[in-house]
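Next comes input-v3.cif, a file with mmCIF, C-alpha atoms and all ligand atoms.
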```cif
data_data
#
loop_
_atom_site.label_atom_id
_atom_site.label_comp_id
_atom_site.auth_asym_id
_atom_site.auth_seq_id
_atom_site.Cartn_x
_atom_site.Cartn_y
_atom_site.Cartn_z
CA MET A 10 7.06 -16.63 13.64
CA ALA A 11 7.44 -17.27 9.91
CA HIS A 12 4.46 -19.57 10.11
CA ARG A 13 2.39 -16.93 11.89
CA GLY A 14 3.47 -14.37 9.25
CA GLY A 15 2.20 -16.76 6.55
CA ALA A 16 -1.17 -17.12 8.28
CA GLU A 17 -1.47 -13.35 8.63
CA LEU A 18 -0.66 -12.87 4.95
CA LYS A 19 -3.32 -15.44 3.98
CA ALA A 20 -5.93 -13.69 6.13
CA ARG A 21 -5.02 -10.31 4.64
CA VAL A 22 -5.15 -11.71 1.10
CA ARG A 23 -8.59 -13.17 1.82
CA THR A 24 -9.87 -9.77 2.94
CA VAL A 25 -8.33 -7.95 -0.03
CA VAL A 26 -9.75 -10.51 -2.49
CA LEU A 27 -13.25 -10.21 -1.03
CA ARG A 28 -13.20 -6.38 -0.79
CA LEU A 29 -11.84 -5.85 -4.29
CA THR A 30 -14.23 -8.40 -5.79
CA LYS A 31 -17.08 -6.51 -4.12
CA ALA A 32 -15.72 -3.18 -5.40
CA TYR A 33 -15.54 -4.42 -9.02
CA PRO A 34 -18.42 -6.89 -9.34
CA ARG A 35 -18.60 -6.64 -13.12
CA ALA A 36 -14.87 -6.95 -13.87
CA HIS A 37 -14.46 -9.00 -17.04
CA CYS A 38 -12.25 -9.47 -20.09
CA THR A 39 -12.53 -6.21 -22.05
CA LEU A 40 -11.37 -7.68 -25.35
CA ASP A 41 -14.15 -8.50 -27.83
CA TYR A 42 -14.17 -12.10 -29.10
CA ARG A 43 -16.61 -14.88 -29.99
CA ASN A 44 -14.42 -17.98 -29.82
CA PRO A 45 -11.00 -19.17 -28.53
CA LEU A 46 -9.23 -18.29 -31.81
CA GLU A 47 -10.50 -14.70 -31.75
CA LEU A 48 -9.52 -14.37 -28.09
CA MET A 49 -6.02 -15.67 -28.81
CA VAL A 50 -5.52 -13.21 -31.68
CA ALA A 51 -6.96 -10.29 -29.67
CA THR A 52 -4.72 -11.13 -26.71
CA ILE A 53 -1.61 -11.20 -28.91
CA LEU A 54 -2.63 -7.80 -30.33
CA SER A 55 -3.20 -6.36 -26.86
CA ALA A 56 0.51 -6.45 -25.93
CA GLN A 57 1.67 -2.83 -25.46
CA CYS A 58 -1.73 -1.65 -26.74
CA THR A 59 -5.05 -0.73 -25.17
CA ASP A 60 -8.00 -3.13 -25.38
CA GLU A 61 -10.07 -0.27 -26.88
CA ARG A 62 -7.71 0.01 -29.83
CA VAL A 63 -7.60 -3.76 -30.31
CA ASN A 64 -11.42 -3.82 -30.32
CA LYS A 65 -11.42 -1.28 -33.14
CA VAL A 66 -9.15 -3.43 -35.29
CA THR A 67 -10.61 -6.88 -34.68
CA PRO A 68 -14.10 -6.65 -36.26
CA ALA A 69 -12.65 -6.31 -39.78
CA LEU A 70 -9.82 -8.74 -38.98
CA PHE A 71 -12.18 -11.44 -37.69
CA LYS A 72 -14.36 -11.02 -40.76
CA LYS A 73 -11.40 -11.50 -43.08
CA TYR A 74 -9.64 -14.36 -41.24
CA ARG A 75 -12.10 -16.94 -39.95
CA SER A 76 -9.89 -19.90 -39.08
CA ALA A 77 -6.38 -20.72 -37.91
CA GLN A 78 -5.73 -21.92 -41.47
CA ASP A 79 -6.68 -18.45 -42.81
CA TYR A 80 -4.09 -16.72 -40.60
CA ALA A 81 -1.46 -19.37 -41.33
CA ALA A 82 -1.90 -18.81 -45.07
CA ALA A 83 -1.93 -14.99 -44.84
CA LEU A 84 0.70 -13.02 -46.69
CA PRO A 85 2.96 -11.55 -43.97
CA ALA A 86 2.80 -8.01 -45.41
CA GLU A 87 -0.98 -8.12 -45.68
CA LEU A 88 -1.53 -9.33 -42.12
CA GLU A 89 0.94 -6.71 -40.88
CA LYS A 90 -1.10 -4.03 -42.64
CA ASP A 91 -4.33 -5.36 -41.14
CA ILE A 92 -3.04 -5.05 -37.56
CA ARG A 93 -0.66 -2.13 -37.99
CA SER A 94 -2.42 0.34 -35.69
CA THR A 95 -1.96 -1.96 -32.65
CA GLY A 96 1.82 -1.37 -32.74
CA PHE A 97 4.67 -3.91 -32.87
CA TYR A 98 2.78 -5.23 -35.88
CA ARG A 99 5.67 -7.22 -37.41
CA SER A 100 6.28 -9.41 -34.40
CA LYS A 101 2.54 -9.68 -33.63
CA ALA A 102 1.78 -10.77 -37.21
CA LYS A 103 4.58 -13.34 -37.01
CA SER A 104 3.27 -14.71 -33.71
CA ILE A 105 -0.27 -14.98 -35.08
CA ARG A 106 0.83 -16.67 -38.31
CA LEU A 107 3.18 -19.15 -36.65
CA ALA A 108 0.87 -19.98 -33.72
CA CYS A 109 -1.98 -20.54 -36.18
CA SER A 110 0.22 -22.66 -38.40
CA ASP A 111 0.99 -24.91 -35.39
CA ILE A 112 -2.70 -25.02 -34.46
CA ALA A 113 -3.73 -25.90 -38.01
CA LYS A 114 -1.13 -28.68 -38.29
CA LYS A 115 -1.12 -30.18 -34.80
CA TYR A 116 -4.66 -29.56 -33.58
CA ALA A 117 -6.71 -29.49 -36.79
CA GLY A 118 -7.44 -25.80 -36.25
CA ARG A 119 -8.74 -26.07 -32.69
CA ILE A 120 -7.06 -23.97 -29.98
CA PRO A 121 -5.71 -26.36 -27.32
CA ASP A 122 -7.19 -26.22 -23.81
CA GLN A 123 -4.07 -27.31 -21.90
CA LEU A 124 -1.53 -24.82 -20.55
CA GLY A 125 1.39 -27.05 -21.60
CA ASP A 126 0.13 -27.24 -25.21
CA LEU A 127 -0.66 -23.53 -25.42
CA VAL A 128 2.76 -22.34 -24.27
CA GLU A 129 4.42 -24.57 -26.89
CA LEU A 130 2.78 -22.46 -29.60
CA HIS A 131 4.91 -19.76 -31.18
CA GLY A 132 4.48 -16.39 -29.50
CA ILE A 133 2.17 -17.68 -26.76
CA GLY A 134 3.43 -17.16 -23.21
CA ARG A 135 1.78 -18.05 -19.92
CA LYS A 136 -0.15 -14.78 -19.80
CA THR A 137 -1.91 -15.35 -23.13
CA ALA A 138 -2.38 -19.04 -22.32
CA ASN A 139 -4.06 -18.19 -19.01
CA VAL A 140 -6.30 -15.61 -20.69
CA ILE A 141 -7.46 -18.28 -23.15
CA LEU A 142 -7.95 -20.97 -20.50
CA GLY A 143 -9.82 -18.71 -18.09
CA ASN A 144 -12.05 -16.85 -20.53
CA ALA A 145 -12.60 -19.17 -23.49
CA TYR A 146 -12.59 -22.52 -21.67
CA GLY A 147 -13.59 -21.72 -18.08
CA ILE A 148 -10.42 -23.35 -16.76
CA PRO A 149 -8.89 -21.25 -13.93
CA GLY A 150 -5.92 -19.17 -15.08
CA MET A 151 -4.00 -16.51 -13.13
CA VAL A 152 -3.17 -13.79 -15.64
CA VAL A 153 -0.14 -11.67 -14.78
CA ASP A 154 -0.15 -8.57 -16.95
CA THR A 155 1.42 -5.20 -16.16
CA HIS A 156 -1.40 -4.23 -13.74
CA VAL A 157 -1.38 -7.53 -11.88
CA LYS A 158 2.42 -7.39 -11.64
CA ARG A 159 2.34 -3.89 -10.13
CA LEU A 160 -0.55 -4.52 -7.76
CA ALA A 161 0.70 -7.87 -6.50
CA ASN A 162 3.88 -6.09 -5.44
CA ARG A 163 2.19 -3.06 -3.93
CA LEU A 164 -0.24 -5.25 -1.99
CA GLY A 165 2.68 -7.30 -0.68
CA PHE A 166 1.42 -10.54 -2.27
CA THR A 167 4.83 -11.14 -3.85
CA GLN A 168 8.38 -9.85 -3.68
CA HIS A 169 9.14 -10.84 -7.28
CA LYS A 170 9.34 -8.88 -10.52
CA ASP A 171 9.34 -11.91 -12.80
CA PRO A 172 5.76 -12.57 -14.02
CA VAL A 173 6.06 -16.36 -13.76
CA LYS A 174 7.24 -16.16 -10.13
CA ILE A 175 4.42 -13.70 -9.38
CA GLU A 176 1.92 -16.08 -10.98
CA PHE A 177 3.11 -18.93 -8.74
CA ASP A 178 2.96 -16.72 -5.62
CA LEU A 179 -0.60 -15.67 -6.46
CA MET A 180 -1.64 -19.25 -7.21
CA GLN A 181 -0.44 -20.20 -3.73
CA LEU A 182 -2.39 -17.40 -2.06
CA ILE A 183 -5.63 -17.28 -4.01
CA PRO A 184 -8.19 -20.08 -4.26
CA LYS A 185 -8.07 -21.71 -7.69
CA GLU A 186 -11.72 -21.02 -8.52
CA ARG A 187 -11.01 -17.28 -8.16
CA TRP A 188 -7.89 -17.05 -10.36
CA THR A 189 -9.60 -15.87 -13.55
CA GLN A 190 -12.03 -13.44 -11.95
CA PHE A 191 -9.47 -12.02 -9.53
CA SER A 192 -7.15 -11.29 -12.48
CA HIS A 193 -9.93 -9.17 -14.01
CA VAL A 194 -10.58 -7.49 -10.66
CA LEU A 195 -6.91 -6.56 -10.19
CA ILE A 196 -6.67 -5.27 -13.76
CA GLN A 197 -9.73 -3.07 -13.22
CA HIS A 198 -8.38 -1.79 -9.89
CA GLY A 199 -5.08 -1.03 -11.63
CA ARG A 200 -6.84 0.94 -14.36
CA ARG A 201 -9.26 2.83 -12.14
CA CYS A 202 -7.54 3.40 -8.80
CA CYS A 203 -4.08 1.91 -8.27
CA THR A 204 -2.59 3.38 -11.45
CA ALA A 205 1.12 3.16 -12.24
CA ARG A 206 1.93 6.83 -11.73
CA ARG A 207 -0.63 8.13 -9.27
CA PRO A 208 -2.43 5.57 -7.12
CA ASP A 209 -5.51 7.02 -5.43
CA CYS A 210 -4.75 5.58 -1.98
CA PRO A 211 -7.18 7.86 -0.07
CA HIS A 212 -10.11 6.36 -2.00
CA CYS A 213 -8.81 2.80 -2.28
CA PRO A 214 -11.26 0.11 -1.08
CA VAL A 215 -8.36 -1.95 0.31
CA GLY A 216 -6.16 0.88 1.59
CA LYS A 217 -6.52 -0.37 5.15
CA TRP A 218 -4.92 -3.69 4.22
CA CYS A 219 -2.24 -2.40 1.82
CA PRO A 220 1.37 -2.05 2.98
CA SER A 221 2.02 0.53 0.20
CA ASN A 222 -0.80 2.88 1.20
CA GLY A 223 0.52 6.45 0.83
CA LYS A 224 4.06 5.18 0.14
CA VAL A 225 4.13 4.96 -3.67
S1 LIG A 301 -3.66 1.62 -0.98
FE1 LIG A 301 -2.71 2.69 -2.71
S2 LIG A 301 -0.99 1.39 -3.32
FE2 LIG A 301 -2.35 0.15 -2.03
S3 LIG A 301 -3.71 -0.91 -3.49
FE3 LIG A 301 -4.74 0.96 -2.82
S4 LIG A 301 -4.23 2.50 -4.37
FE4 LIG A 301 -2.76 0.80 -4.57
#
```
Produce structure tokens that represent the structure in this file.
Ligand code: SF4
Amino acid sequence: MAHRGGAELKARVRTVVLRLTKAYPRAHCTLDYRNPLELMVATILSAQCTDERVNKVTPALFKKYRSAQDYAAALPAELEKDIRSTGFYRSKAKSIRLACSDIAKKYAGRIPDQLGDLVELHGIGRKTANVILGNAYGIPGMVVDTHVKRLANRLGFTQHKDPVKIEFDLMQLIPKERWTQFSHVLIQHGRRCCTARRPDCPHCPVGKWCPSNGKV
């Protein structure tokens, strides 16, 4: 029975993945960046902040700091001032400076392209590492942000609250080549339809396959 349940879940996941991907064909990373370093910095800034706000701050920031060495050498108070409007600016500035210091020393300024190396950097967790891998390097990465966490639970793809456990559940269920794109698709669905407070179940493209339909 458990085995049959697993097969049914896989079939349902397949349908949901296909339907949602069709519903959001242009889902993509909404942070502006031109290289892995800029993406890493923008992703750190996006914690507890909207991508729109981050995109307002980064043009001037990226003009001022052009390399990992530039961030590593920044005066803490000055970098804090430069990113202040994204919130939590002290800890974000610290993460950027220390991660960039590691990158400058250990990798000659190049952002690593291995998950294990990325998560060793100060202030870089699996979410940021997967954003970098998937978007800057084209290496599949399952990004579990607040939207993905909420939707994976509502859709019954996981029973966990811990982002790392959710990531592993999703990696089991979703084909590897779809990890990056499906993260974007879920994030877009979470912003547009399955919002935290008021999910629009009547108009949801996967309502028929969602165990939480009308129950949130
Ligand atoms: S049916 Fe409702 S709870 Fe389920 S994914 Fe759609 S909007 Fe979210």
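Taking atom CA of Leu107 of chain A and atom CA of Asp154 of chain A as the two end points, the separation is 22.6 Å.
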- Message: How would you report the residues lying within 8 Å of ligand LIG 301 (chain A), as a list in words, if you count only C-alpha atoms and all ligand atoms?
- Response: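 I would give the residues around ligand LIG 301 (chain A) as Leu160, Arg163, Leu164, His198, Gly199, Cys202, Cys203, Thr204, Pro208, Asp209, Cys210, Pro211, His212, Cys213, Pro214, Val215, Gly216, Lys217, Trp218, Cys219, Pro220, Ser221, Asn222, Gly223, Lys224 and Val225 of chain A.
With distances taken over all atoms listed in the file, A:Met49 is the one residue among A:Asn144, A:Lys73, A:Met49, A:Lys19 lying closest to Leu127 of chain A.
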- Message: I'd like the neighbourhood of Gly143 of chain A as JSON, numbers by chain, where a residue qualifies if any of its atoms comes within 9 Å (using only C-alpha atoms), though same-chain residues fewer than 6 positions away should be ignored.
- Response: {"A": [149, 150, 151, 152, 188, 189, 190]}
Between atom CA of Tyr42 of chain A and atom CA of Arg62 of chain A, what is the distance in Å, rounded to a tenth?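 Distance between the two atoms: 13.7 Å.
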Practice problem: Fewer than 2 positions away in the same chain doesn't count, so skip those; otherwise give me all residues within 8 Å of Cys38 of chain A, counting only C-alpha atoms, as a ChimeraX atom specification. | Solution: /A:36,40,144,193
Task: Between atom CA of Asp41 of chain A and atom CA of Arg187 of chain A, distance in Å (one decimal) - done: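 Distance reported for this atom pair: 21.8 Å.
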Give me, as a PyMOL selection string, all polymer residues having an atom no more than 10 Å from Gly132 of chain A, counting all atoms listed in the file and skipping those fewer than 2 positions away in the same chain.
chain A and resi 53+100-108+127-130+134+137
From the list A:Gln181, A:Ile141, A:Ala20, A:Lys72, the nearest residue to Thr167 of chain A using only C-alpha atoms is A:Gln181
Tell me which residues come within 10 Å of (-5.0, -9.9, 0.2), as number ranges by chain, counting only C-alpha atoms in the file's coordinates. A: 17-29, 161, 164-166, 179, 182-183, 215, 218-219
Could you check which of A:Asp91, A:Glu47, A:Glu61, A:Glu186 is closest to Arg75 of chain A, using all atoms listed in the file?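 Selected residue with least distance to Arg75 of chain A: A:Glu47.
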Starting from the incomplete input, reconstruct N, CA and C atoms of segment 45-64 of chain A and write that as a PDB file, keeping the file's coordinate frame.
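Saved file part-v8.pdb follows:
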```pdb
ATOM      1  N   PRO A  45     -12.385 -19.133 -29.033  1.00  0.00           N
ATOM      2  CA  PRO A  45     -11.000 -19.170 -28.530  1.00  0.00           C
ATOM      3  C   PRO A  45      -9.976 -18.596 -29.516  1.00  0.00           C
ATOM      4  N   LEU A  46     -10.179 -18.822 -30.821  1.00  0.00           N
ATOM      5  CA  LEU A  46      -9.230 -18.290 -31.810  1.00  0.00           C
ATOM      6  C   LEU A  46      -9.228 -16.764 -31.775  1.00  0.00           C
ATOM      7  N   GLU A  47     -10.418 -16.166 -31.768  1.00  0.00           N
ATOM      8  CA  GLU A  47     -10.500 -14.700 -31.750  1.00  0.00           C
ATOM      9  C   GLU A  47      -9.875 -14.146 -30.461  1.00  0.00           C
ATOM     10  N   LEU A  48     -10.106 -14.849 -29.346  1.00  0.00           N
ATOM     11  CA  LEU A  48      -9.520 -14.370 -28.090  1.00  0.00           C
ATOM     12  C   LEU A  48      -7.991 -14.455 -28.143  1.00  0.00           C
ATOM     13  N   MET A  49      -7.478 -15.539 -28.719  1.00  0.00           N
ATOM     14  CA  MET A  49      -6.020 -15.670 -28.810  1.00  0.00           C
ATOM     15  C   MET A  49      -5.429 -14.534 -29.652  1.00  0.00           C
ATOM     16  N   VAL A  50      -6.030 -14.274 -30.801  1.00  0.00           N
ATOM     17  CA  VAL A  50      -5.520 -13.210 -31.680  1.00  0.00           C
ATOM     18  C   VAL A  50      -5.631 -11.855 -30.977  1.00  0.00           C
ATOM     19  N   ALA A  51      -6.773 -11.577 -30.350  1.00  0.00           N
ATOM     20  CA  ALA A  51      -6.960 -10.290 -29.670  1.00  0.00           C
ATOM     21  C   ALA A  51      -5.954 -10.131 -28.534  1.00  0.00           C
ATOM     22  N   THR A  52      -5.662 -11.212 -27.826  1.00  0.00           N
ATOM     23  CA  THR A  52      -4.720 -11.130 -26.710  1.00  0.00           C
ATOM     24  C   THR A  52      -3.299 -10.859 -27.213  1.00  0.00           C
ATOM     25  N   ILE A  53      -2.926 -11.493 -28.318  1.00  0.00           N
ATOM     26  CA  ILE A  53      -1.610 -11.200 -28.910  1.00  0.00           C
ATOM     27  C   ILE A  53      -1.542  -9.722 -29.307  1.00  0.00           C
ATOM     28  N   LEU A  54      -2.620  -9.212 -29.895  1.00  0.00           N
ATOM     29  CA  LEU A  54      -2.630  -7.800 -30.330  1.00  0.00           C
ATOM     30  C   LEU A  54      -2.610  -6.834 -29.159  1.00  0.00           C
ATOM     31  N   SER A  55      -3.068  -7.288 -27.991  1.00  0.00           N
ATOM     32  CA  SER A  55      -3.200  -6.360 -26.860  1.00  0.00           C
ATOM     33  C   SER A  55      -1.869  -6.055 -26.160  1.00  0.00           C
ATOM     34  N   ALA A  56      -0.796  -6.745 -26.534  1.00  0.00           N
ATOM     35  CA  ALA A  56       0.510  -6.450 -25.930  1.00  0.00           C
ATOM     36  C   ALA A  56       0.904  -5.010 -26.259  1.00  0.00           C
ATOM     37  N   GLN A  57       1.251  -4.235 -25.251  1.00  0.00           N
ATOM     38  CA  GLN A  57       1.670  -2.830 -25.460  1.00  0.00           C
ATOM     39  C   GLN A  57       0.616  -2.014 -26.202  1.00  0.00           C
ATOM     40  N   CYS A  58      -0.648  -2.358 -26.027  1.00  0.00           N
ATOM     41  CA  CYS A  58      -1.730  -1.650 -26.740  1.00  0.00           C
ATOM     42  C   CYS A  58      -2.968  -1.690 -25.850  1.00  0.00           C
ATOM     43  N   THR A  59      -3.842  -0.705 -25.998  1.00  0.00           N
ATOM     44  CA  THR A  59      -5.050  -0.730 -25.170  1.00  0.00           C
ATOM     45  C   THR A  59      -6.084  -1.694 -25.770  1.00  0.00           C
ATOM     46  N   ASP A  60      -6.947  -2.226 -24.906  1.00  0.00           N
ATOM     47  CA  ASP A  60      -8.000  -3.130 -25.380  1.00  0.00           C
ATOM     48  C   ASP A  60      -8.956  -2.369 -26.312  1.00  0.00           C
ATOM     49  N   GLU A  61      -9.176  -1.085 -26.030  1.00  0.00           N
ATOM     50  CA  GLU A  61     -10.070  -0.270 -26.880  1.00  0.00           C
ATOM     51  C   GLU A  61      -9.563  -0.249 -28.324  1.00  0.00           C
ATOM     52  N   ARG A  62      -8.270  -0.039 -28.475  1.00  0.00           N
ATOM     53  CA  ARG A  62      -7.710   0.010 -29.830  1.00  0.00           C
ATOM     54  C   ARG A  62      -7.805  -1.359 -30.503  1.00  0.00           C
ATOM     55  N   VAL A  63      -7.498  -2.400 -29.743  1.00  0.00           N
ATOM     56  CA  VAL A  63      -7.600  -3.760 -30.310  1.00  0.00           C
ATOM     57  C   VAL A  63      -9.038  -4.007 -30.782  1.00  0.00           C
ATOM     58  N   ASN A  64     -10.009  -3.586 -29.961  1.00  0.00           N
ATOM     59  CA  ASN A  64     -11.420  -3.820 -30.320  1.00  0.00           C
ATOM     60  C   ASN A  64     -11.854  -3.040 -31.553  1.00  0.00           C
TER      61      ASN A  64
END
```
